[in-house]
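Peer 1: Contents of model01.cif (mmCIF, C-alpha atoms) are below:
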data_coords
loop_
_atom_site.group_PDB
_atom_site.id
_atom_site.type_symbol
_atom_site.label_atom_id
_atom_site.label_comp_id
_atom_site.auth_asym_id
_atom_site.auth_seq_id
_atom_site.Cartn_x
_atom_site.Cartn_y
_atom_site.Cartn_z
ATOM 1 C CA MET A 11 -37.334 17.592 34.621
ATOM 2 C CA LEU A 12 -34.859 16.440 32.010
ATOM 3 C CA HIS A 13 -36.225 13.950 29.481
ATOM 4 C CA VAL A 14 -33.151 12.231 28.098
ATOM 5 C CA VAL A 15 -32.905 9.446 25.517
ATOM 6 C CA HIS A 16 -30.281 6.772 26.084
ATOM 7 C CA HIS A 17 -29.615 3.178 25.077
ATOM 8 C CA ALA A 18 -27.004 0.625 26.133
ATOM 9 C CA ASP A 19 -25.910 0.341 22.485
ATOM 10 C CA TYR A 20 -24.680 3.955 22.578
ATOM 11 C CA MET A 21 -21.594 2.553 24.290
ATOM 12 C CA ALA A 22 -20.071 0.394 21.555
ATOM 13 C CA PRO A 23 -16.760 -1.409 22.081
ATOM 14 C CA ARG A 24 -13.851 0.594 20.734
ATOM 15 C CA PRO A 25 -13.052 -0.640 17.189
ATOM 16 C CA GLU A 26 -9.634 -2.091 16.475
ATOM 17 C CA ARG A 27 -8.818 0.844 14.192
ATOM 18 C CA GLY A 28 -9.418 4.552 14.608
ATOM 19 C CA THR A 29 -9.005 7.067 17.417
ATOM 20 C CA PHE A 30 -12.610 7.818 18.391
ATOM 21 C CA LYS A 31 -13.417 7.196 22.065
ATOM 22 C CA PHE A 32 -16.904 5.884 22.831
ATOM 23 C CA ASP A 33 -16.589 5.857 26.613
ATOM 24 C CA LYS A 34 -17.908 9.388 27.040
ATOM 25 C CA TYR A 35 -21.421 8.133 26.279
ATOM 26 C CA TYR A 36 -21.758 6.118 29.459
ATOM 27 C CA LEU A 37 -19.833 8.774 31.414
ATOM 28 C CA VAL A 38 -22.399 11.379 30.356
ATOM 29 C CA MET A 39 -25.156 9.268 31.875
ATOM 30 C CA GLU A 40 -23.099 8.689 35.016
ATOM 31 C CA GLU A 41 -22.721 12.452 35.389
ATOM 32 C CA LEU A 42 -26.431 13.041 34.859
ATOM 33 C CA ARG A 43 -27.432 10.365 37.359
ATOM 34 C CA ALA A 44 -24.937 11.647 39.931
ATOM 35 C CA SER A 45 -26.342 15.170 39.650
ATOM 36 C CA ALA A 46 -29.558 14.126 41.439
ATOM 37 C CA ALA A 47 -31.457 16.403 39.063
ATOM 38 C CA PRO A 48 -35.024 15.257 38.246
ATOM 39 C CA MET A 49 -34.716 13.123 35.133
ATOM 40 C CA THR A 50 -36.575 10.519 33.128
ATOM 41 C CA GLU A 51 -34.630 8.180 30.854
ATOM 42 C CA HIS A 52 -36.189 6.917 27.626
ATOM 43 C CA ALA A 53 -34.871 4.085 25.448
ATOM 44 C CA PRO A 54 -35.176 4.460 21.665
ATOM 45 C CA GLN A 55 -36.027 1.898 19.030
ATOM 46 C CA PRO A 56 -33.522 1.426 16.192
ATOM 47 C CA MET A 57 -34.153 3.723 13.243
ATOM 48 C CA PRO A 58 -36.040 1.830 10.517
ATOM 49 C CA ARG A 59 -34.020 1.118 7.415
ATOM 50 C CA LYS A 60 -36.517 2.779 5.073
ATOM 51 C CA TRP A 61 -36.293 6.037 7.055
ATOM 52 C CA LEU A 62 -32.512 6.038 6.629
ATOM 53 C CA GLU A 63 -32.851 5.245 2.913
ATOM 54 C CA ALA A 64 -35.166 8.232 2.466
ATOM 55 C CA VAL A 65 -32.140 10.484 3.119
ATOM 56 C CA HIS A 66 -29.055 8.342 2.484
ATOM 57 C CA ASP A 67 -28.120 6.380 -0.628
ATOM 58 C CA PRO A 68 -29.719 2.923 -0.203
ATOM 59 C CA ALA A 69 -26.485 1.298 -1.423
ATOM 60 C CA TYR A 70 -24.566 2.978 1.412
ATOM 61 C CA VAL A 71 -27.247 2.034 3.945
ATOM 62 C CA ASP A 72 -26.897 -1.557 2.751
ATOM 63 C CA GLU A 73 -23.116 -1.413 3.244
ATOM 64 C CA VAL A 74 -23.633 -0.297 6.832
ATOM 65 C CA PHE A 75 -26.332 -2.870 7.550
ATOM 66 C CA ARG A 76 -24.075 -5.645 6.219
ATOM 67 C CA ALA A 77 -21.101 -4.149 8.109
ATOM 68 C CA GLU A 78 -19.190 -4.180 4.823
ATOM 69 C CA VAL A 79 -18.362 -0.508 4.376
ATOM 70 C CA PRO A 80 -15.408 -0.033 1.985
ATOM 71 C CA ARG A 81 -12.136 0.938 3.622
ATOM 72 C CA ASP A 82 -12.013 4.337 1.917
ATOM 73 C CA LYS A 83 -15.356 5.230 3.508
ATOM 74 C CA GLU A 84 -14.265 3.838 6.853
ATOM 75 C CA ARG A 85 -11.203 6.094 6.693
ATOM 76 C CA ARG A 86 -13.500 9.091 6.151
ATOM 77 C CA ILE A 87 -15.655 7.997 9.083
ATOM 78 C CA GLY A 88 -12.652 7.451 11.336
ATOM 79 C CA PHE A 89 -13.310 3.876 12.454
ATOM 80 C CA PRO A 90 -14.457 0.547 10.949
ATOM 81 C CA VAL A 91 -18.209 -0.092 10.808
ATOM 82 C CA THR A 92 -18.711 -3.336 12.714
ATOM 83 C CA THR A 93 -22.040 -4.978 13.535
ATOM 84 C CA ARG A 94 -21.900 -3.296 16.951
ATOM 85 C CA ILE A 95 -21.322 0.104 15.340
ATOM 86 C CA ARG A 96 -24.225 -0.592 12.964
ATOM 87 C CA ASP A 97 -26.508 -1.318 15.912
ATOM 88 C CA ARG A 98 -25.202 1.740 17.720
ATOM 89 C CA VAL A 99 -25.905 4.200 14.909
ATOM 90 C CA ARG A 100 -29.377 2.780 14.324
ATOM 91 C CA HIS A 101 -30.154 3.433 17.983
ATOM 92 C CA THR A 102 -28.555 6.893 18.106
ATOM 93 C CA ASN A 103 -30.585 7.896 15.041
ATOM 94 C CA GLY A 104 -33.698 6.457 16.636
ATOM 95 C CA GLY A 105 -32.764 8.442 19.728
ATOM 96 C CA THR A 106 -32.943 11.782 17.940
ATOM 97 C CA TRP A 107 -36.342 10.802 16.538
ATOM 98 C CA LEU A 108 -37.570 9.872 20.042
ATOM 99 C CA ALA A 109 -36.150 13.109 21.495
ATOM 100 C CA ALA A 110 -38.231 15.007 18.929
ATOM 101 C CA GLN A 111 -41.376 13.177 19.986
ATOM 102 C CA LEU A 112 -40.642 13.924 23.641
ATOM 103 C CA ALA A 113 -39.911 17.570 22.878
ATOM 104 C CA MET A 114 -43.328 17.959 21.276
ATOM 105 C CA GLU A 115 -44.822 16.692 24.532
ATOM 106 C CA HIS A 116 -42.583 18.402 27.095
ATOM 107 C CA GLY A 117 -41.085 21.391 25.283
ATOM 108 C CA TYR A 118 -37.506 20.121 25.410
ATOM 109 C CA ALA A 119 -35.809 16.726 25.327
ATOM 110 C CA ALA A 120 -32.243 15.533 24.772
ATOM 111 C CA ASN A 121 -30.587 12.672 22.970
ATOM 112 C CA SER A 122 -27.487 11.652 24.930
ATOM 113 C CA ALA A 123 -25.654 10.871 21.677
ATOM 114 C CA ALA A 124 -25.797 11.689 17.933
ATOM 115 C CA GLY A 125 -25.666 15.101 16.308
ATOM 116 C CA SER A 126 -23.874 13.327 13.452
ATOM 117 C CA HIS A 127 -23.706 16.339 11.174
ATOM 118 C CA HIS A 128 -20.836 15.275 8.874
ATOM 119 C CA ALA A 129 -22.520 12.190 7.364
ATOM 120 C CA LEU A 130 -23.286 12.619 3.658
ATOM 121 C CA ALA A 131 -25.669 10.859 1.284
ATOM 122 C CA ASN A 132 -23.372 8.011 0.255
ATOM 123 C CA THR A 133 -20.739 7.958 2.985
ATOM 124 C CA GLY A 134 -20.045 8.817 6.565
ATOM 125 C CA ALA A 135 -17.339 11.257 7.644
ATOM 126 C CA GLY A 136 -15.835 12.826 10.736
ATOM 127 C CA TYR A 137 -16.946 10.092 13.199
ATOM 128 C CA CYS A 138 -20.490 10.214 11.740
ATOM 129 C CA VAL A 139 -22.151 7.257 9.968
ATOM 130 C CA PHE A 140 -25.780 8.359 9.423
ATOM 131 C CA ASN A 141 -27.031 11.939 9.739
ATOM 132 C CA ASP A 142 -29.651 11.760 12.479
ATOM 133 C CA LEU A 143 -30.539 15.459 12.196
ATOM 134 C CA ALA A 144 -31.421 15.198 8.499
ATOM 135 C CA VAL A 145 -33.118 11.802 8.868
ATOM 136 C CA ALA A 146 -35.291 12.860 11.821
ATOM 137 C CA SER A 147 -36.160 16.174 10.155
ATOM 138 C CA ASN A 148 -37.228 14.421 6.985
ATOM 139 C CA ARG A 149 -39.389 11.999 8.951
ATOM 140 C CA LEU A 150 -41.062 14.676 11.083
ATOM 141 C CA ILE A 151 -42.162 16.442 7.909
ATOM 142 C CA ALA A 152 -43.221 13.173 6.236
ATOM 143 C CA GLU A 153 -45.345 12.318 9.280
ATOM 144 C CA SER A 154 -46.864 15.856 9.295
ATOM 145 C CA ASP A 155 -45.475 16.453 12.788
ATOM 146 C CA ALA A 156 -43.770 19.593 11.472
ATOM 147 C CA SER A 157 -43.848 21.686 8.323
ATOM 148 C CA ARG A 158 -40.720 23.841 8.726
ATOM 149 C CA ILE A 159 -37.716 22.758 10.780
ATOM 150 C CA LEU A 160 -34.773 24.835 11.917
ATOM 151 C CA ILE A 161 -31.531 22.963 12.644
ATOM 152 C CA ILE A 162 -29.272 25.084 14.855
ATOM 153 C CA ASP A 163 -25.733 23.707 14.718
ATOM 154 C CA LEU A 164 -23.384 25.216 17.302
ATOM 155 C CA ASP A 165 -20.753 22.486 17.198
ATOM 156 C CA VAL A 166 -17.270 23.933 16.636
ATOM 157 C CA HIS A 167 -17.217 22.174 13.239
ATOM 158 C CA GLN A 168 -19.474 23.177 10.371
ATOM 159 C CA GLY A 169 -22.488 20.932 9.807
ATOM 160 C CA ASP A 170 -21.477 20.183 6.250
ATOM 161 C CA GLY A 171 -23.332 16.891 5.921
ATOM 162 C CA THR A 172 -26.598 18.301 7.196
ATOM 163 C CA ALA A 173 -26.265 21.289 4.883
ATOM 164 C CA SER A 174 -25.580 19.042 1.879
ATOM 165 C CA LEU A 175 -28.428 16.631 2.597
ATOM 166 C CA THR A 176 -30.986 19.434 2.976
ATOM 167 C CA ALA A 177 -29.624 21.861 0.375
ATOM 168 C CA THR A 178 -32.545 21.524 -2.036
ATOM 169 C CA ARG A 179 -35.262 21.794 0.606
ATOM 170 C CA GLU A 180 -37.110 24.919 1.630
ATOM 171 C CA ASP A 181 -38.770 23.245 4.625
ATOM 172 C CA ILE A 182 -35.505 22.485 6.471
ATOM 173 C CA ILE A 183 -33.323 25.464 7.409
ATOM 174 C CA THR A 184 -29.730 25.017 8.585
ATOM 175 C CA LEU A 185 -27.797 27.500 10.713
ATOM 176 C CA SER A 186 -24.145 26.704 11.415
ATOM 177 C CA LEU A 187 -21.977 28.813 13.737
ATOM 178 C CA HIS A 188 -18.496 27.295 13.719
ATOM 179 C CA ALA A 189 -14.745 27.868 13.739
ATOM 180 C CA GLU A 190 -13.944 28.851 10.167
ATOM 181 C CA LYS A 191 -10.459 27.301 10.111
ATOM 182 C CA ASN A 192 -11.525 23.994 11.627
ATOM 183 C CA PHE A 193 -12.678 20.741 9.980
ATOM 184 C CA PRO A 194 -14.028 20.336 7.350
ATOM 185 C CA VAL A 195 -11.605 22.185 5.119
ATOM 186 C CA ARG A 196 -14.182 22.323 2.324
ATOM 187 C CA LYS A 197 -17.340 23.790 3.777
ATOM 188 C CA ALA A 198 -20.812 23.083 2.418
ATOM 189 C CA ARG A 199 -23.399 25.842 2.122
ATOM 190 C CA SER A 200 -25.877 25.993 4.995
ATOM 191 C CA SER A 201 -28.904 28.257 4.839
ATOM 192 C CA ILE A 202 -26.883 30.526 7.138
ATOM 193 C CA ASP A 203 -23.154 30.048 7.778
ATOM 194 C CA ILE A 204 -21.109 32.079 10.237
ATOM 195 C CA GLY A 205 -17.430 31.193 10.415
ATOM 196 C CA LEU A 206 -15.713 32.510 13.541
ATOM 197 C CA GLU A 207 -12.081 33.435 14.009
ATOM 198 C CA ASP A 208 -9.850 31.292 16.193
ATOM 199 C CA HIS A 209 -10.022 32.043 19.935
ATOM 200 C CA THR A 210 -13.431 33.727 19.765
ATOM 201 C CA ASP A 211 -14.447 34.209 23.417
ATOM 202 C CA ASP A 212 -17.750 34.225 25.310
ATOM 203 C CA GLU A 213 -18.821 37.795 24.658
ATOM 204 C CA ALA A 214 -17.922 37.852 20.971
ATOM 205 C CA TYR A 215 -19.593 34.484 20.389
ATOM 206 C CA LEU A 216 -22.774 35.383 22.250
ATOM 207 C CA ASN A 217 -23.016 38.744 20.508
ATOM 208 C CA VAL A 218 -22.951 37.017 17.117
ATOM 209 C CA LEU A 219 -25.564 34.512 18.277
ATOM 210 C CA ALA A 220 -27.816 37.282 19.604
ATOM 211 C CA LYS A 221 -27.615 39.118 16.277
ATOM 212 C CA THR A 222 -28.315 35.987 14.241
ATOM 213 C CA LEU A 223 -30.751 33.694 16.013
ATOM 214 C CA PRO A 224 -33.813 35.920 16.569
ATOM 215 C CA GLU A 225 -33.652 37.118 12.968
ATOM 216 C CA THR A 226 -33.429 33.501 11.786
ATOM 217 C CA PHE A 227 -36.522 32.534 13.774
ATOM 218 C CA ASP A 228 -38.475 35.548 12.560
ATOM 219 C CA ARG A 229 -37.425 35.155 8.939
ATOM 220 C CA PHE A 230 -37.994 31.419 8.518
ATOM 221 C CA ARG A 231 -40.768 30.846 11.104
ATOM 222 C CA PRO A 232 -40.057 27.192 11.914
ATOM 223 C CA ASP A 233 -42.476 25.064 13.910
ATOM 224 C CA PHE A 234 -39.823 22.671 15.267
ATOM 225 C CA VAL A 235 -36.168 23.068 16.264
ATOM 226 C CA PHE A 236 -33.262 20.625 16.373
ATOM 227 C CA TYR A 237 -30.170 21.790 18.240
ATOM 228 C CA GLN A 238 -26.735 20.276 17.670
ATOM 229 C CA ALA A 239 -25.337 21.212 21.076
ATOM 230 C CA GLY A 240 -21.681 20.238 20.749
ATOM 231 C CA VAL A 241 -19.485 21.370 23.641
ATOM 232 C CA ASP A 242 -16.339 21.505 21.511
ATOM 233 C CA PRO A 243 -16.331 25.334 21.309
ATOM 234 C CA HIS A 244 -14.954 25.101 24.879
ATOM 235 C CA ILE A 245 -11.532 26.647 25.391
ATOM 236 C CA ASN A 246 -10.082 23.339 26.618
ATOM 237 C CA ASP A 247 -11.508 21.140 23.872
ATOM 238 C CA LYS A 248 -8.865 19.044 22.135
ATOM 239 C CA LEU A 249 -10.275 19.579 18.620
ATOM 240 C CA GLY A 250 -11.801 23.038 19.027
ATOM 241 C CA ARG A 251 -10.317 26.409 18.075
ATOM 242 C CA LEU A 252 -12.701 28.656 19.990
ATOM 243 C CA ALA A 253 -12.471 29.894 23.582
ATOM 244 C CA LEU A 254 -15.824 29.554 25.339
ATOM 245 C CA SER A 255 -15.788 29.060 29.102
ATOM 246 C CA ASP A 256 -18.137 26.843 31.110
ATOM 247 C CA ASP A 257 -20.277 29.935 31.724
ATOM 248 C CA GLY A 258 -20.198 30.825 28.032
ATOM 249 C CA LEU A 259 -21.498 27.390 27.041
ATOM 250 C CA ALA A 260 -24.266 27.644 29.652
ATOM 251 C CA ARG A 261 -25.300 31.092 28.423
ATOM 252 C CA ARG A 262 -25.289 29.793 24.839
ATOM 253 C CA ASP A 263 -27.556 26.860 25.714
ATOM 254 C CA ARG A 264 -29.966 28.950 27.781
ATOM 255 C CA TYR A 265 -30.232 31.453 24.951
ATOM 256 C CA VAL A 266 -30.959 28.860 22.256
ATOM 257 C CA VAL A 267 -33.633 27.075 24.295
ATOM 258 C CA GLY A 268 -35.077 30.369 25.465
ATOM 259 C CA GLN A 269 -35.424 31.691 21.924
ATOM 260 C CA ALA A 270 -37.316 28.559 20.906
ATOM 261 C CA ARG A 271 -39.522 28.292 23.987
ATOM 262 C CA MET A 272 -40.480 31.982 24.067
ATOM 263 C CA ARG A 273 -41.991 31.347 20.640
ATOM 264 C CA GLY A 274 -43.769 28.223 21.847
ATOM 265 C CA LEU A 275 -41.574 25.923 19.757
ATOM 266 C CA PRO A 276 -40.464 22.436 20.833
ATOM 267 C CA ILE A 277 -36.717 21.888 20.749
ATOM 268 C CA ALA A 278 -34.753 18.635 20.806
ATOM 269 C CA SER A 279 -30.990 18.540 21.300
ATOM 270 C CA ALA A 280 -28.386 16.051 20.102
ATOM 271 C CA LEU A 281 -25.099 15.647 21.939
ATOM 272 C CA GLY A 282 -22.623 16.676 19.262
ATOM 273 C CA GLY A 283 -18.865 16.989 19.619
ATOM 274 C CA GLY A 284 -16.695 17.205 22.678
ATOM 275 C CA TYR A 285 -13.108 15.938 22.814
ATOM 276 C CA GLY A 286 -10.297 15.673 25.315
ATOM 277 C CA ASP A 287 -7.866 13.348 27.025
ATOM 278 C CA ASP A 288 -10.002 13.421 30.189
ATOM 279 C CA GLN A 289 -13.256 11.850 29.044
ATOM 280 C CA ARG A 290 -14.905 12.452 32.430
ATOM 281 C CA GLU A 291 -14.308 16.182 32.047
ATOM 282 C CA VAL A 292 -15.823 16.170 28.550
ATOM 283 C CA ALA A 293 -18.805 14.123 29.745
ATOM 284 C CA ALA A 294 -19.394 16.602 32.560
ATOM 285 C CA ARG A 295 -19.626 19.429 30.009
ATOM 286 C CA HIS A 296 -22.243 17.521 28.039
ATOM 287 C CA ALA A 297 -24.222 16.720 31.193
ATOM 288 C CA ARG A 298 -24.173 20.356 32.341
ATOM 289 C CA SER A 299 -25.345 21.398 28.885
ATOM 290 C CA MET A 300 -28.417 19.141 28.999
ATOM 291 C CA LEU A 301 -29.272 20.118 32.575
ATOM 292 C CA THR A 302 -28.940 23.812 31.694
ATOM 293 C CA MET A 303 -31.324 23.424 28.764
ATOM 294 C CA ALA A 304 -33.820 21.439 30.835
ATOM 295 C CA ALA A 305 -33.790 24.144 33.530
ATOM 296 C CA GLU A 306 -34.430 26.836 30.933
ATOM 297 C CA ASN A 307 -37.342 24.830 29.558
ATOM 298 C CA VAL A 308 -38.805 24.546 33.065
ATOM 299 C CA ARG A 309 -38.457 28.302 33.522
ATOM 300 C CA PHE A 310 -40.678 28.913 30.502
ATOM 301 C CA ALA A 311 -43.107 26.190 31.530
ATOM 302 C CA CYS A 312 -43.554 27.856 34.913
ATOM 303 C CA ALA A 313 -43.785 31.414 33.568
#
Just give me the structure of the file as structure tokens.
Peer 2:
Amino acid sequence: MLHVVHHADYMAPRPERGTFKFDKYYLVMEELRASAAPMTEHAPQPMPRKWLEAVHDPAYVDEVFRAEVPRDKERRIGFPVTTRIRDRVRHTNGGTWLAAQLAMEHGYAANSAAGSHHALANTGAGYCVFNDLAVASNRLIAESDASRILIIDLDVHQGDGTASLTATREDIITLSLHAEKNFPVRKARSSIDIGLEDHTDDEAYLNVLAKTLPETFDRFRPDFVFYQAGVDPHINDKLGRLALSDDGLARRDRYVVGQARMRGLPIASALGGGYGDDQREVAARHARSMLTMAAENVRFACA
């Protein structure tokens, strides 16, 4: 059973400026529904303003809520922040929070959007407005739902915003495995950073992950896991520089969920990056990723 969080606002109209394509978010759900896999859909509430302000600069939050983000910040984000985009990002952030709640109940749950790991304290960047991973982590700890959180970021791009927003905290650990020569040019400092060479393939990638992830779990002993499960390490991704196959992505996702579940830890995934001219193809990768992780969770539940 896949527990997936989705909301109609995830599919915002394409802004008049910028190149980001929002249509993959409804295509992901079409792919999931067409799979006939057992699935329950959950609709999130918008993230409360005060929860966003606990992580982001309140002045920036106010700019987003008024849909009056300065043009220099909009250029960093990659599109203008309209009222529809404001409503979208409040729901995608609320979606990661809801996925965490569902994961604590079912072992694993997915948000069908978000993973906005480039957003910084006082601005968005790289198609990210608010950093749902940092906001949800902060709230889980504030609500005493968790005491130590591990954020595993396997998007092809470094999770620089998440690293920056959590840099002074010892209760949130960030692991980023990314293409070293890809965006952002200036990397932040995660708790653990591993920059991979261009064209890293399945076996090399999975060997690095197998050497890193168990040690990270054992060293930091988290009690909750967020997983930024971007599919942009795929060999055919338009913005990626790595060379994972469909099978490589599936093995990656099974391994991450398996490492968490074998330790009895709940894990919630956010969609992350995935880019290409054929949005249906990209959406299918995301859908397969979520179904793979749900199947791995079931395997541990039945063991």
Peer 1: With the file shown as input, list the residues that the PyMOL selection byres ((chain A and resi 52) around 10) selects, as a PDB file with C-alpha atoms, in the frame of the given file.
Peer 2:
ATOM      1  CA  HIS A  13     -36.225  13.950  29.481  1.00  0.00           C
ATOM      2  CA  VAL A  14     -33.151  12.231  28.098  1.00  0.00           C
ATOM      3  CA  VAL A  15     -32.905   9.446  25.517  1.00  0.00           C
ATOM      4  CA  HIS A  16     -30.281   6.772  26.084  1.00  0.00           C
ATOM      5  CA  HIS A  17     -29.615   3.178  25.077  1.00  0.00           C
ATOM      6  CA  MET A  49     -34.716  13.123  35.133  1.00  0.00           C
ATOM      7  CA  THR A  50     -36.575  10.519  33.128  1.00  0.00           C
ATOM      8  CA  GLU A  51     -34.630   8.180  30.854  1.00  0.00           C
ATOM      9  CA  ALA A  53     -34.871   4.085  25.448  1.00  0.00           C
ATOM     10  CA  PRO A  54     -35.176   4.460  21.665  1.00  0.00           C
ATOM     11  CA  GLN A  55     -36.027   1.898  19.030  1.00  0.00           C
ATOM     12  CA  GLY A 105     -32.764   8.442  19.728  1.00  0.00           C
ATOM     13  CA  LEU A 108     -37.570   9.872  20.042  1.00  0.00           C
ATOM     14  CA  ALA A 109     -36.150  13.109  21.495  1.00  0.00           C
ATOM     15  CA  LEU A 112     -40.642  13.924  23.641  1.00  0.00           C
ATOM     16  CA  ALA A 120     -32.243  15.533  24.772  1.00  0.00           C
ATOM     17  CA  ASN A 121     -30.587  12.672  22.970  1.00  0.00           C
TER      18      ASN A 121
END
Peer 1: Quick one: residues within 9 Å of Arg262 (chain A), all atoms listed in the file counted, chain neighbours fewer than 2 positions away excluded, as a ChimeraX atom specification?
Peer 2: /A:212,215-216,219,257-260,264-267
Peer 1: Please dump the current selection as a PDB file, keeping the file's coordinate frame; keep C-alpha atoms.
Peer 2:
ATOM      1  CA  ASP A 212     -17.750  34.225  25.310  1.00  0.00           C
ATOM      2  CA  TYR A 215     -19.593  34.484  20.389  1.00  0.00           C
ATOM      3  CA  LEU A 216     -22.774  35.383  22.250  1.00  0.00           C
ATOM      4  CA  LEU A 219     -25.564  34.512  18.277  1.00  0.00           C
ATOM      5  CA  ASP A 257     -20.277  29.935  31.724  1.00  0.00           C
ATOM      6  CA  GLY A 258     -20.198  30.825  28.032  1.00  0.00           C
ATOM      7  CA  LEU A 259     -21.498  27.390  27.041  1.00  0.00           C
ATOM      8  CA  ALA A 260     -24.266  27.644  29.652  1.00  0.00           C
ATOM      9  CA  ARG A 264     -29.966  28.950  27.781  1.00  0.00           C
ATOM     10  CA  TYR A 265     -30.232  31.453  24.951  1.00  0.00           C
ATOM     11  CA  VAL A 266     -30.959  28.860  22.256  1.00  0.00           C
ATOM     12  CA  VAL A 267     -33.633  27.075  24.295  1.00  0.00           C
TER      13      VAL A 267
END
Peer 1: Taking the file as I've supplied it (selection: the PyMOL selection byres ((chain A and resi 226) around 10)), which residues are included? Please answer as a ChimeraX atom specification.
Peer 2: /A:160,162,183-185,201-202,221-225,227-232
Peer 1: Residues within 6 Å of region 274-285 of chain A, please, as a list in words. Count all atoms listed in the file; anything in the same chain fewer than 6 positions from it doesn't count.
Peer 2: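 Within the cut-off, the hits are Ala109, Ala110, Ala113, Met114, Gly117, Tyr118, Ala119, Ala120, Asn121, Ser122, Ala123, Ala124, Gly125, Asp233, Phe234, Val235, Phe236, Tyr237, Gln238, Ala239, Gly240, Val241, Asp242, Asp247 and Lys248 of chain A.
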Peer 1: Rounded to one decimal, what separation in Å do you get between CA of Trp61 (chain A) and CA of Arg149 (chain A)?
Peer 2: 7.0 Å
Peer 1: Determine the residue set returned by the PyMOL selection byres ((chain A and resi 66-76) around 8) for the present structure, and present it as a PDB file with C-alpha atoms, in the frame of the given file.
Peer 2:
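Output saved as selection-v2.pdb:
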ATOM      1  CA  ARG A  59     -34.020   1.118   7.415  1.00  0.00           C
ATOM      2  CA  LEU A  62     -32.512   6.038   6.629  1.00  0.00           C
ATOM      3  CA  GLU A  63     -32.851   5.245   2.913  1.00  0.00           C
ATOM      4  CA  ALA A  64     -35.166   8.232   2.466  1.00  0.00           C
ATOM      5  CA  VAL A  65     -32.140  10.484   3.119  1.00  0.00           C
ATOM      6  CA  ALA A  77     -21.101  -4.149   8.109  1.00  0.00           C
ATOM      7  CA  GLU A  78     -19.190  -4.180   4.823  1.00  0.00           C
ATOM      8  CA  VAL A  79     -18.362  -0.508   4.376  1.00  0.00           C
ATOM      9  CA  PRO A  80     -15.408  -0.033   1.985  1.00  0.00           C
ATOM     10  CA  VAL A  91     -18.209  -0.092  10.808  1.00  0.00           C
ATOM     11  CA  THR A  93     -22.040  -4.978  13.535  1.00  0.00           C
ATOM     12  CA  ARG A  96     -24.225  -0.592  12.964  1.00  0.00           C
ATOM     13  CA  LEU A 130     -23.286  12.619   3.658  1.00  0.00           C
ATOM     14  CA  ALA A 131     -25.669  10.859   1.284  1.00  0.00           C
ATOM     15  CA  ASN A 132     -23.372   8.011   0.255  1.00  0.00           C
ATOM     16  CA  THR A 133     -20.739   7.958   2.985  1.00  0.00           C
ATOM     17  CA  PHE A 140     -25.780   8.359   9.423  1.00  0.00           C
TER      18      PHE A 140
END
Peer 1: What is the CA of Gly286 (chain A)-CA of Ser200 (chain A) distance in Å, reported with one decimal?
Peer 2: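 Spanning CA of Gly286 (chain A) to CA of Ser200 (chain A) is a straight-line distance of 27.6 Å.
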Peer 1: For Arg271 (chain A), which residue out of A:Asn307, A:Thr92, A:Gln289, A:Thr302 is the nearest one, using all atoms listed in the file?
Peer 2: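 For Arg271 (chain A), the nearest of the given residues is A:Asn307.
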Peer 1: Padding 6 Å on each side, edges along x, y and z: where is the centre of the box around the listed atoms of region 201-212 of chain A, and how long are its edges in Å to one decimal? Output it as JSON.
Peer 2:
{"center_x": -19.4, "center_y": 31.2, "center_z": 15.1, "size_x": 31.1, "size_y": 18.0, "size_z": 32.5}
Peer 1: Can you work out which one of A:Glu190, A:Ala46, A:Ala18, A:Arg100 has the shortest atom-to-atom distance to Asp33 (chain A), counting only C-alpha atoms?
Peer 2: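 Looking only at the distances to Asp33 (chain A), the closest residue turns out to be A:Ala18.
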Peer 1: Rounded to one decimal place, report the CA of Cys138 (chain A)-CA of Gly88 (chain A) distance in Å.
Peer 2: 8.3 Å
Peer 1: Return the single residue from A:Met57, A:Ala156, A:Val195, A:Met39 that is closest to Trp107 (chain A), with distances computed using all atoms listed in the file.
Peer 2: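 For Trp107 (chain A), the nearest of the given residues is A:Met57.
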Peer 1: Of the candidates A:Ala253, A:Ala129, A:Asn148, A:Ala304, which shows the shortest atom-to-atom distance to Lys60 (chain A), using all atoms listed in the file?
Peer 2: A:Asn148
Peer 1: Show me the residues close to (-16.7, 22.6, 14.5) - anything with an atom within 6 Å, counting all atoms listed in the file - and format the list as a VMD selection string.
Peer 2: chain A and resid 165 to 168 188 to 189
